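**Student:** query21.txt is the file, holding compact mmCIF, C-alpha atoms and all ligand atoms:
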```txt
# COMPACT_ATOMS: atom_id res chain seq x y z
CA MET A 1 28.00 7.58 -7.00
CA SER A 2 24.80 8.09 -9.04
CA VAL A 3 21.65 6.53 -7.63
CA ALA A 4 18.78 5.28 -9.82
CA LEU A 5 15.38 4.26 -8.50
CA ILE A 6 13.16 2.09 -10.69
CA ALA A 7 9.46 2.09 -9.79
CA GLY A 8 8.06 -1.20 -11.14
CA GLY A 9 11.63 -2.46 -11.50
CA ALA A 10 10.92 -6.13 -10.73
CA GLY A 11 9.00 -6.50 -14.00
CA PHE A 12 10.27 -7.61 -17.40
CA ILE A 13 11.80 -4.34 -18.60
CA GLY A 14 12.84 -3.32 -15.07
CA VAL A 15 15.11 -6.33 -14.58
CA HIS A 16 16.96 -5.65 -17.83
CA LEU A 17 17.21 -1.94 -17.01
CA ALA A 18 18.47 -2.58 -13.47
CA ARG A 19 21.16 -4.97 -14.72
CA ARG A 20 22.31 -2.51 -17.37
CA LEU A 21 22.50 0.36 -14.89
CA ARG A 22 24.51 -1.80 -12.47
CA ARG A 23 26.97 -2.64 -15.26
CA GLU A 24 27.33 1.11 -15.87
CA GLY A 25 28.22 1.62 -12.20
CA TRP A 26 24.91 3.00 -10.87
CA VAL A 27 23.61 2.26 -7.39
CA VAL A 28 20.18 0.81 -8.19
CA HIS A 29 17.07 0.59 -6.02
CA VAL A 30 13.90 -1.13 -7.21
CA VAL A 31 10.47 -0.49 -5.73
CA ASP A 32 7.77 -2.96 -6.75
CA ASP A 33 4.61 -4.34 -5.15
CA LEU A 34 4.94 -7.57 -7.21
CA SER A 35 1.37 -7.16 -8.51
CA GLY A 36 2.76 -7.97 -11.97
CA GLY A 37 3.74 -11.50 -10.94
CA SER A 38 7.44 -10.77 -11.06
CA ALA A 39 8.51 -12.23 -7.71
CA HIS A 40 10.76 -14.77 -9.46
CA HIS A 41 12.91 -11.85 -10.69
CA LEU A 42 13.91 -10.85 -7.16
CA PRO A 43 16.87 -13.27 -6.85
CA LEU A 44 18.16 -12.05 -10.24
CA LEU A 45 18.08 -8.46 -9.03
CA GLU A 46 19.67 -9.25 -5.70
CA ALA A 47 22.45 -11.24 -7.41
CA GLU A 48 23.33 -8.06 -9.33
CA GLY A 49 23.55 -6.00 -6.14
CA VAL A 50 20.22 -4.23 -6.70
CA ALA A 51 18.38 -3.18 -3.52
CA VAL A 52 14.74 -4.31 -3.72
CA HIS A 53 11.93 -2.70 -1.73
CA VAL A 54 8.62 -4.55 -1.92
CA MET A 55 5.87 -1.95 -1.52
CA PRO A 56 3.32 -0.09 -3.62
CA ILE A 57 4.20 3.40 -4.85
CA ALA A 58 1.26 4.68 -2.78
CA ASP A 59 2.92 3.48 0.46
CA PRO A 60 4.00 6.40 2.69
CA ASP A 61 7.32 4.55 3.12
CA PHE A 62 7.99 5.16 -0.59
CA ARG A 63 8.11 8.90 -0.01
CA ALA A 64 10.43 8.34 2.97
CA LEU A 65 12.68 6.12 0.84
CA LEU A 66 12.91 8.79 -1.86
CA GLY A 67 13.87 11.39 0.73
CA GLN A 68 16.53 9.08 2.13
CA LEU A 69 18.03 8.04 -1.24
CA ALA A 70 17.69 11.35 -3.12
CA PRO A 71 18.10 9.50 -6.46
CA THR A 72 19.64 11.24 -9.46
CA ARG A 73 17.28 9.47 -11.81
CA VAL A 74 13.84 7.93 -11.30
CA TYR A 75 12.40 5.51 -13.86
CA HIS A 76 8.62 5.11 -13.69
CA LEU A 77 7.74 1.67 -15.04
CA ALA A 78 5.03 0.75 -12.53
CA ALA A 79 1.75 -0.02 -14.29
CA ASN A 80 -0.76 -2.72 -15.03
CA SER A 81 0.73 -4.42 -18.07
CA ASP A 82 -2.10 -6.93 -18.48
CA VAL A 83 -3.99 -4.95 -21.11
CA ARG A 84 -6.66 -7.65 -21.51
CA ALA A 85 -7.38 -7.71 -17.77
CA GLY A 86 -7.88 -3.94 -17.96
CA VAL A 87 -10.55 -4.45 -20.64
CA ALA A 88 -12.57 -6.59 -18.23
CA SER A 89 -11.87 -4.30 -15.24
CA PRO A 90 -10.89 -0.77 -16.33
CA ASP A 91 -10.50 0.15 -12.67
CA LEU A 92 -7.29 -1.90 -12.72
CA ASP A 93 -5.69 0.61 -15.07
CA LEU A 94 -7.14 3.58 -13.25
CA GLN A 95 -5.54 2.36 -10.02
CA ARG A 96 -2.29 0.76 -11.20
CA THR A 97 -1.48 2.80 -14.30
CA PHE A 98 -2.84 6.32 -13.77
CA LEU A 99 -3.12 6.72 -9.98
CA THR A 100 0.33 5.17 -9.54
CA THR A 101 1.64 8.04 -11.69
CA VAL A 102 -0.19 10.56 -9.51
CA ASP A 103 1.16 8.92 -6.34
CA LEU A 104 4.66 8.90 -7.78
CA THR A 105 4.69 12.61 -8.61
CA SER A 106 3.37 13.56 -5.21
CA ALA A 107 6.09 11.46 -3.55
CA LEU A 108 8.74 13.07 -5.77
CA HIS A 109 8.27 16.33 -3.88
CA ALA A 110 10.30 14.67 -1.10
CA ALA A 111 13.38 14.57 -3.37
CA PRO A 112 12.93 15.72 -6.98
CA PRO A 113 15.45 13.80 -9.13
CA SER A 114 17.51 15.48 -11.86
CA GLU A 115 15.85 13.20 -14.40
CA LEU A 116 12.48 11.46 -14.48
CA VAL A 117 11.90 8.79 -17.13
CA PHE A 118 8.43 7.44 -17.95
CA LEU A 119 7.53 4.51 -20.19
CA SER A 120 4.35 5.20 -22.11
CA THR A 121 2.99 3.17 -25.03
CA SER A 122 1.78 3.15 -28.63
CA ALA A 123 -1.69 2.31 -27.23
CA ILE A 124 -2.25 6.05 -26.59
CA TRP A 125 -3.14 6.44 -30.30
CA GLY A 126 -5.76 3.80 -30.88
CA ALA A 127 -6.30 2.59 -34.46
CA ARG A 128 -4.66 4.84 -37.05
CA THR A 129 -3.28 4.39 -40.54
CA GLY A 130 0.26 5.49 -41.43
CA ALA A 131 3.38 5.33 -39.31
CA LEU A 132 2.93 6.87 -35.86
CA ALA A 133 5.33 9.71 -35.05
CA GLU A 134 5.49 11.72 -31.82
CA GLY A 135 3.31 14.50 -33.27
CA THR A 136 0.72 12.24 -34.88
CA GLY A 137 -2.83 13.13 -33.85
CA SER A 138 -5.49 12.59 -32.91
CA LEU A 139 -5.06 10.47 -29.84
CA GLU A 140 -7.97 8.06 -29.39
CA PRO A 141 -6.92 5.18 -27.12
CA GLN A 142 -9.18 2.14 -27.31
CA SER A 143 -8.17 0.43 -24.06
CA ALA A 144 -8.23 1.57 -20.45
CA TYR A 145 -4.48 0.89 -20.49
CA GLY A 146 -3.91 3.29 -23.40
CA ALA A 147 -6.21 5.88 -21.83
CA CYS A 148 -4.43 5.71 -18.47
CA LYS A 149 -0.98 5.94 -20.12
CA LEU A 150 -2.18 9.01 -22.06
CA ALA A 151 -3.57 10.47 -18.84
CA SER A 152 -0.22 9.73 -17.16
CA GLU A 153 1.64 11.55 -19.92
CA ALA A 154 -0.68 14.54 -19.50
CA TRP A 155 -0.21 14.47 -15.73
CA LEU A 156 3.58 14.28 -16.04
CA SER A 157 3.56 17.12 -18.55
CA ALA A 158 1.64 19.34 -16.14
CA HIS A 159 3.95 18.26 -13.32
CA ALA A 160 7.03 19.04 -15.43
CA HIS A 161 5.78 22.47 -16.43
CA ARG A 162 4.61 23.34 -12.93
CA THR A 163 7.75 22.21 -11.08
CA GLY A 164 10.47 22.31 -13.77
CA GLN A 165 11.02 18.55 -13.30
CA ARG A 166 13.02 17.38 -16.35
CA THR A 167 11.00 14.48 -17.72
CA TRP A 168 11.57 12.04 -20.58
CA VAL A 169 8.61 10.13 -21.99
CA PHE A 170 9.45 7.08 -24.12
CA ARG A 171 6.71 5.35 -26.09
CA PRO A 172 7.99 1.84 -26.87
CA ALA A 173 6.34 -0.45 -29.41
CA ASN A 174 5.67 -4.03 -28.18
CA VAL A 175 8.75 -4.93 -26.18
CA VAL A 176 10.05 -8.51 -26.33
CA GLY A 177 13.06 -10.30 -24.90
CA PRO A 178 14.23 -12.78 -22.25
CA LEU A 179 12.39 -12.81 -18.90
CA ALA A 180 9.15 -11.57 -20.45
CA THR A 181 6.25 -11.49 -18.00
CA HIS A 182 3.46 -11.14 -20.57
CA GLY A 183 2.77 -10.76 -24.29
CA VAL A 184 1.87 -12.82 -27.32
CA ILE A 185 5.00 -15.02 -27.39
CA LEU A 186 4.72 -16.06 -23.74
CA ASP A 187 1.00 -16.58 -24.20
CA PHE A 188 1.62 -19.00 -27.10
CA LEU A 189 4.36 -20.87 -25.22
CA ARG A 190 2.13 -21.30 -22.17
CA LYS A 191 -0.71 -22.63 -24.32
CA LEU A 192 1.61 -25.08 -26.08
CA ALA A 193 2.96 -26.29 -22.73
CA GLN A 194 -0.62 -27.19 -21.80
CA ASP A 195 -1.52 -28.71 -25.17
CA PRO A 196 1.28 -29.23 -27.72
CA LEU A 197 -1.23 -30.42 -30.35
CA GLN A 198 -3.14 -27.19 -30.84
CA LEU A 199 -2.62 -23.47 -30.56
CA GLU A 200 -5.56 -21.14 -30.30
CA VAL A 201 -4.83 -17.62 -31.55
CA LEU A 202 -6.86 -14.64 -30.36
CA GLY A 203 -7.99 -12.78 -33.47
CA ASP A 204 -7.62 -13.72 -37.13
CA GLY A 205 -3.80 -13.72 -37.08
CA ARG A 206 -3.54 -10.75 -39.43
CA GLN A 207 -2.70 -8.37 -36.59
CA ASP A 208 0.60 -6.82 -37.67
CA LYS A 209 2.73 -4.72 -35.31
CA PRO A 210 6.32 -3.67 -34.61
CA TYR A 211 8.26 -5.67 -31.99
CA LEU A 212 11.16 -4.02 -30.19
CA HIS A 213 13.91 -6.05 -28.52
CA VAL A 214 14.39 -4.96 -24.90
CA ASP A 215 18.12 -4.29 -25.56
CA ASP A 216 17.13 -1.87 -28.33
CA LEU A 217 14.67 -0.17 -25.99
CA LEU A 218 17.36 0.38 -23.36
CA ALA A 219 19.78 1.71 -25.97
CA GLY A 220 17.03 4.05 -27.19
CA ILE A 221 16.35 5.34 -23.68
CA GLU A 222 20.07 5.96 -23.19
CA THR A 223 20.27 7.88 -26.47
CA GLY A 224 17.21 9.95 -25.65
CA LEU A 225 18.55 10.77 -22.19
CA SER A 226 22.04 11.71 -23.32
CA GLU A 227 21.05 13.68 -26.42
CA GLY A 228 17.43 14.71 -26.06
CA VAL A 229 17.15 17.83 -23.94
CA ALA A 230 14.09 17.87 -21.67
CA GLU A 231 13.00 21.49 -21.25
CA PRO A 232 11.19 20.35 -19.24
CA LEU A 233 9.61 17.50 -21.25
CA ALA A 234 10.97 15.36 -24.10
CA VAL A 235 8.94 12.66 -25.88
CA PHE A 236 10.38 9.84 -28.02
CA ASN A 237 8.89 6.94 -29.95
CA VAL A 238 11.03 3.80 -29.77
CA GLY A 239 10.41 0.99 -32.21
CA PRO A 240 11.56 -0.61 -35.44
CA SER A 241 9.89 0.67 -38.61
CA ASP A 242 8.83 -2.81 -39.73
CA GLY A 243 6.46 -5.31 -38.14
CA VAL A 244 5.36 -8.94 -38.24
CA SER A 245 1.96 -10.62 -38.20
CA VAL A 246 0.57 -12.69 -35.36
CA ARG A 247 0.20 -15.54 -37.88
CA TRP A 248 3.98 -15.41 -38.48
CA ILE A 249 4.63 -15.34 -34.71
CA ALA A 250 2.36 -18.36 -34.16
CA GLU A 251 4.08 -20.33 -36.92
CA THR A 252 7.53 -19.33 -35.61
CA VAL A 253 6.69 -20.35 -32.03
CA VAL A 254 5.33 -23.73 -33.18
CA ALA A 255 8.38 -24.37 -35.39
CA GLU A 256 10.92 -23.27 -32.74
CA ALA A 257 9.16 -25.33 -30.05
CA GLY A 258 9.44 -28.38 -32.30
CA VAL A 259 5.77 -29.36 -31.90
CA LYS A 260 3.16 -30.24 -34.49
CA ALA A 261 0.36 -28.06 -33.23
CA ALA A 262 -2.64 -27.19 -35.39
CA ILE A 263 -2.97 -23.42 -35.30
CA ARG A 264 -6.57 -22.25 -34.93
CA TYR A 265 -7.43 -18.62 -35.63
CA GLY A 266 -10.33 -16.55 -34.39
CA GLU A 267 -12.48 -14.37 -36.60
CA THR A 268 -12.03 -10.87 -35.21
CA PRO A 269 -9.37 -8.46 -36.57
CA GLY A 270 -8.11 -7.72 -33.02
CA GLY A 271 -7.22 -10.23 -30.30
CA TRP A 272 -9.65 -8.68 -27.79
CA PRO A 273 -11.79 -5.52 -27.51
CA GLY A 274 -9.38 -2.57 -27.39
CA ASP A 275 -6.55 -4.39 -29.17
CA VAL A 276 -5.21 -2.25 -32.03
CA PRO A 277 -4.66 -4.85 -34.78
CA ARG A 278 -2.20 -3.00 -37.03
CA TYR A 279 0.21 -0.12 -36.71
CA ARG A 280 3.65 1.02 -37.78
CA TYR A 281 6.15 3.21 -35.95
CA ASP A 282 8.17 6.23 -36.97
CA SER A 283 11.10 6.65 -34.55
CA GLY A 284 12.78 9.26 -36.76
CA LYS A 285 13.33 11.63 -33.84
CA LEU A 286 15.43 9.09 -31.94
CA ARG A 287 17.13 7.87 -35.12
CA GLY A 288 18.13 11.50 -35.76
CA LEU A 289 20.13 11.30 -32.49
CA GLY A 290 22.00 8.21 -33.72
CA TRP A 291 19.82 5.38 -32.37
CA ALA A 292 18.89 2.47 -34.62
CA PRO A 293 17.48 -0.89 -33.55
CA ALA A 294 19.90 -3.82 -33.86
CA TYR A 295 16.94 -6.20 -34.39
CA THR A 296 14.16 -6.13 -36.96
CA SER A 297 10.75 -7.11 -35.60
CA ALA A 298 11.19 -10.65 -36.95
CA GLN A 299 14.68 -10.99 -35.44
CA ALA A 300 13.47 -9.66 -32.08
CA VAL A 301 10.57 -12.11 -32.01
CA ARG A 302 12.68 -15.11 -33.05
CA ALA A 303 15.41 -14.31 -30.50
CA THR A 304 12.75 -13.99 -27.81
CA VAL A 305 11.07 -17.28 -28.69
CA ARG A 306 14.44 -19.02 -28.39
CA ALA A 307 15.29 -17.26 -25.11
CA LEU A 308 11.93 -18.06 -23.52
CA LEU A 309 12.15 -21.68 -24.65
CA ALA A 310 15.62 -21.92 -23.08
CA GLU A 311 14.25 -20.42 -19.82
CA ARG A 312 11.57 -23.11 -19.69
CA ARG A 313 13.98 -26.02 -20.12
N1 LIG A 401 6.38 -4.74 -22.40
C1 LIG A 401 5.90 -3.94 -23.35
O1 LIG A 401 5.60 -4.39 -24.48
C2 LIG A 401 5.70 -2.48 -23.08
C3 LIG A 401 5.44 -1.64 -24.17
C4 LIG A 401 5.24 -0.28 -23.94
C5 LIG A 401 5.28 0.21 -22.64
N2 LIG A 401 5.53 -0.63 -21.60
C6 LIG A 401 5.54 -0.09 -20.24
O2 LIG A 401 6.79 -0.37 -19.64
C7 LIG A 401 6.61 -0.56 -18.23
C8 LIG A 401 7.22 -1.91 -17.82
O3 LIG A 401 6.57 -2.92 -18.57
P1 LIG A 401 6.89 -4.45 -18.35
O4 LIG A 401 6.63 -5.12 -19.64
O5 LIG A 401 8.19 -4.62 -17.67
O6 LIG A 401 5.68 -4.85 -17.37
P2 LIG A 401 5.71 -5.70 -16.01
O7 LIG A 401 4.29 -5.95 -15.64
O8 LIG A 401 6.59 -6.86 -16.17
O9 LIG A 401 6.36 -4.67 -14.98
C9 LIG A 401 5.60 -3.67 -14.30
C10 LIG A 401 5.93 -3.81 -12.83
O10 LIG A 401 5.24 -2.76 -12.12
C11 LIG A 401 4.85 -3.30 -10.86
N3 LIG A 401 3.78 -2.43 -10.34
C12 LIG A 401 2.57 -2.19 -10.90
N4 LIG A 401 1.87 -1.32 -10.15
C13 LIG A 401 2.66 -1.00 -9.10
C14 LIG A 401 2.50 -0.13 -7.98
N5 LIG A 401 1.38 0.59 -7.80
N6 LIG A 401 3.53 -0.04 -7.09
C15 LIG A 401 4.67 -0.76 -7.28
N7 LIG A 401 4.88 -1.59 -8.32
C16 LIG A 401 3.88 -1.71 -9.21
C17 LIG A 401 4.44 -4.71 -11.17
O11 LIG A 401 4.48 -5.55 -10.02
C18 LIG A 401 5.46 -5.13 -12.23
O12 LIG A 401 6.57 -5.80 -11.63
C19 LIG A 401 5.11 -0.49 -17.97
O13 LIG A 401 4.80 0.80 -17.54
C20 LIG A 401 4.51 -0.75 -19.34
O14 LIG A 401 3.25 -0.13 -19.47
C21 LIG A 401 5.73 -1.97 -21.80
```
Take the structure I supplied and represent it as structure tokens, if you would.
Ligand SMILES: NC(=O)c1ccc[n+]([C@@H]2O[C@H](COP(=O)([O-])OP(=O)(O)OC[C@H]3O[C@@H](n4cnc5c(N)ncnc54)[C@H](O)[C@@H]3O)[C@@H](O)[C@H]2O)c1
**Tutor:**
Amino acid sequence: MSVALIAGGAGFIGVHLARRLRREGWVVHVVDDLSGGSAHHLPLLEAEGVAVHVMPIADPDFRALLGQLAPTRVYHLAANSDVRAGVASPDLDLQRTFLTTVDLTSALHAAPPSELVFLSTSAIWGARTGALAEGTGSLEPQSAYGACKLASEAWLSAHAHRTGQRTWVFRPANVVGPLATHGVILDFLRKLAQDPLQLEVLGDGRQDKPYLHVDDLLAGIETGLSEGVAEPLAVFNVGPSDGVSVRWIAETVVAEAGVKAAIRYGETPGGWPGDVPRYRYDSGKLRGLGWAPAYTSAQAVRATVRALLAERR
């Protein structure tokens, strides 16, 4: 039976990925230090028959576990996903996003998997006009998160070329869906739970980005893995070609929550220093292999608002 190990698998995307792999018949092990506040996902994972190991990737026991399991596929999802926290303390991204990648590759020597999958991000580009494709340059990340994801990609590339480790890098747009642990929709819902009469938006609301439903992300990863040959490295953008504004998201959240909140906007184009206010995605490479998102950005956001509201009831 094929064994998959998901580093950072107790987080938002990890839970969906673990469930999907279990349905496909994989034996699934999750390693997570719960730094991302995802402890409430553990019962969901265990109910699906996923083995959960609570430890940081840097723990010597992680290397021992790899040697013992000899997984066919390793997914590297472990990172700091609180981009704003990384603006205040860049060391957070250095430690959790980049050095976790370094620790992971050194542990992989114990049992190199047939396939290594890494989730990168659109934040590696910084602010650019035009739709971002895999080959778009130059790369000028504006956040410590983006910088440490770019550094992780570079590190994994060197690792792949030095060792022959077949490695897939996926660069998802903003991922949304049930069980979200962070992001603009959850942020708005939490604020409304505290005060249903007003909603404060970070930035002027004109930020406009693509939103990818987590189911579309997982389908994209599957397509890239089955069709995209990694010799030794393959890179794919994953995202819808359209986008929606933060103003539209705020209005949708307020309407779906059934509250009469006054929406108050900030004055800056970005939500926080390092936030890239506008971008579009070109996922033509993955589309060429047959992948297409089932959700537009607006559909993905609306479905997520409804799912997160249902989770809170
Ligand atoms: N959600 C998005 O919009 C999005 C977009 C692009 C890329 N990504 C990437 O996808 C991956 C998963 O994102 P997510 O949204 O599920 O985030 P998440 O924060 O919910 O999950 C990340 C998990 O990694 C764990 N973790 C962090 N450092 C660790 C370490 N050193 N050892 C063990 N576990 C550790 C956290 O506890 C958390 O459970 C991340 O790498 C993220 O950067 C996410």
**Student:** Residues at most 12 Å from Arg306 in chain A, counting all atoms listed in the file, excluding those fewer than 2 positions away in the same chain, as a list in words?
**Tutor:**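 Within the cut-off, the hits are Val176, Gly177, Pro178, Leu179, Ile185, Leu186, Leu189, Thr252, Val253, Val254, Ala255, Glu256, Ala257, Gly258, Gln299, Ala300, Val301, Arg302, Ala303, Thr304, Leu308, Leu309, Ala310, Glu311, Arg312 and Arg313 of chain A.
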**Student:** Show me which residues line ligand LIG 401 (chain A), defined as having an atom within 7 Å of a ligand atom where all atoms listed in the file count, and present them as a PyMOL selection string.
**Tutor:** chain A and resi 7-14+31-38+55-58+76-81+96-97+100+119-122+171-176+180-183
**Student:** Closest to Phe236 in chain A among A:Ser152, A:Ser106, A:Ser283, A:Gln165, using all atoms listed in the file?
**Tutor:**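 Going through A:Ser152, A:Ser106, A:Ser283, A:Gln165 one by one, the smallest distance to Phe236 in chain A is for A:Ser283.
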**Student:** Rank nothing, just name the residue among A:Leu139, A:Leu233, A:Val201, A:Val305 nearest to Arg162 in chain A, using all atoms listed in the file.
**Tutor:**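 Ranked by minimum distance to Arg162 in chain A, first place goes to A:Leu233.
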**Student:** Work out how far apart CA of Thr136 in chain A and CA of Lys285 in chain A are and give it in Å to one decimal.
**Tutor:**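 Separation of CA of Thr136 in chain A and CA of Lys285 in chain A: 12.7 Å.
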**Student:** One decimal, in Å: what's the spacing between CA of Ala70 in chain A and CA of Ala39 in chain A?
**Tutor:** 25.7 Å
**Student:** For Ala292 in chain A, which residue out of A:Ser241, A:Ala250, A:Tyr279, A:Pro269 is the nearest one, using only C-alpha atoms?
**Tutor:** A:Ser241
**Student:** Give the answer as one residue: which of A:Pro232, A:Arg190, A:Val184, A:Val87 has the shortest atom-to-atom distance to His159 in chain A, using only C-alpha atoms?
**Tutor:**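 For His159 in chain A, the nearest of the given residues is A:Pro232.
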**Student:** Could you check the closest approach to His213 in chain A for each of A:Leu42, A:Ala151, A:Ala18, A:Val238 and tell me which residue wins, using all atoms listed in the file?
**Tutor:**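 Closest residue, counting all atoms listed in the file: A:Val238.
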**Student:** Using all atoms listed in the file, pick whichever of A:Leu5, A:Tyr281, A:Pro90, A:Gly67 has the shortest atom-to-atom distance to Leu132 in chain A.
**Tutor:**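 The shortest atom-to-atom distance to Leu132 in chain A comes from A:Tyr281.
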**Student:** How many Å separate CA of Ala219 in chain A from CA of Pro293 in chain A?
**Tutor:**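 Between CA of Ala219 in chain A and CA of Pro293 in chain A the gap works out to 8.3 Å.
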**Student:** Can you list, as a PDB file with C-alpha atoms, in the coordinates of the input, every protein, DNA or RNA residue that comes within 9 Å of Leu199 in chain A when you count only C-alpha atoms, leaving out same-chain residues fewer than 3 positions away?
**Tutor:**
```pdb
ATOM      1  CA  PHE A 188       1.620 -19.000 -27.100  1.00  0.00           C
ATOM      2  CA  LYS A 191      -0.710 -22.630 -24.320  1.00  0.00           C
ATOM      3  CA  LEU A 192       1.610 -25.080 -26.080  1.00  0.00           C
ATOM      4  CA  ASP A 195      -1.520 -28.710 -25.170  1.00  0.00           C
ATOM      5  CA  PRO A 196       1.280 -29.230 -27.720  1.00  0.00           C
ATOM      6  CA  ALA A 250       2.360 -18.360 -34.160  1.00  0.00           C
ATOM      7  CA  VAL A 254       5.330 -23.730 -33.180  1.00  0.00           C
ATOM      8  CA  ALA A 261       0.360 -28.060 -33.230  1.00  0.00           C
ATOM      9  CA  ALA A 262      -2.640 -27.190 -35.390  1.00  0.00           C
ATOM     10  CA  ILE A 263      -2.970 -23.420 -35.300  1.00  0.00           C
ATOM     11  CA  ARG A 264      -6.570 -22.250 -34.930  1.00  0.00           C
ATOM     12  CA  TYR A 265      -7.430 -18.620 -35.630  1.00  0.00           C
TER      13      TYR A 265
END
```
**Student:** Can you pull out the residues contacting Gly270 in chain A? Cut-off 7 Å, using all atoms listed in the file, and skip same-chain residues under 6 positions away; I want them as a count of residues only.
**Tutor:** 4
**Student:** For range 13-31 of chain A, where the input has fewer atoms than it should, I would like N, CA and C atoms rebuilt and written as a compact mmCIF listing (two decimals), in the frame of the given file.
**Tutor:**
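New file part-v5.txt:
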```
# COMPACT_ATOMS: atom_id res chain seq x y z
N ILE A 13 10.86 -5.36 -18.14
CA ILE A 13 11.80 -4.34 -18.60
C ILE A 13 12.69 -3.88 -17.44
N GLY A 14 12.10 -3.80 -16.24
CA GLY A 14 12.84 -3.32 -15.07
C GLY A 14 14.07 -4.15 -14.76
N VAL A 15 13.96 -5.47 -14.89
CA VAL A 15 15.11 -6.33 -14.58
C VAL A 15 16.25 -6.05 -15.55
N HIS A 16 15.92 -5.93 -16.84
CA HIS A 16 16.96 -5.65 -17.83
C HIS A 16 17.58 -4.27 -17.58
N LEU A 17 16.73 -3.31 -17.27
CA LEU A 17 17.21 -1.94 -17.01
C LEU A 17 18.12 -1.90 -15.78
N ALA A 18 17.68 -2.58 -14.71
CA ALA A 18 18.47 -2.58 -13.47
C ALA A 18 19.86 -3.20 -13.71
N ARG A 19 19.87 -4.31 -14.44
CA ARG A 19 21.16 -4.97 -14.72
C ARG A 19 22.06 -4.05 -15.52
N ARG A 20 21.50 -3.39 -16.52
CA ARG A 20 22.31 -2.51 -17.37
C ARG A 20 22.88 -1.33 -16.56
N LEU A 21 22.03 -0.77 -15.71
CA LEU A 21 22.50 0.36 -14.89
C LEU A 21 23.61 -0.08 -13.94
N ARG A 22 23.46 -1.29 -13.38
CA ARG A 22 24.51 -1.80 -12.47
C ARG A 22 25.83 -1.95 -13.23
N ARG A 23 25.74 -2.48 -14.46
CA ARG A 23 26.97 -2.64 -15.26
C ARG A 23 27.62 -1.29 -15.54
N GLU A 24 26.80 -0.23 -15.62
CA GLU A 24 27.33 1.11 -15.87
C GLU A 24 27.80 1.79 -14.59
N GLY A 25 27.68 1.09 -13.45
CA GLY A 25 28.22 1.62 -12.20
C GLY A 25 27.22 2.37 -11.33
N TRP A 26 25.92 2.32 -11.68
CA TRP A 26 24.91 3.00 -10.87
C TRP A 26 24.62 2.19 -9.60
N VAL A 27 24.25 2.90 -8.54
CA VAL A 27 23.61 2.26 -7.39
C VAL A 27 22.13 2.18 -7.76
N VAL A 28 21.55 0.97 -7.68
CA VAL A 28 20.18 0.81 -8.19
C VAL A 28 19.25 0.31 -7.09
N HIS A 29 18.14 1.02 -6.93
CA HIS A 29 17.07 0.59 -6.02
C HIS A 29 15.81 0.35 -6.83
N VAL A 30 15.15 -0.78 -6.54
CA VAL A 30 13.90 -1.13 -7.21
C VAL A 30 12.78 -1.07 -6.18
N VAL A 31 11.67 -0.45 -6.57
CA VAL A 31 10.47 -0.49 -5.73
C VAL A 31 9.38 -1.16 -6.55
```
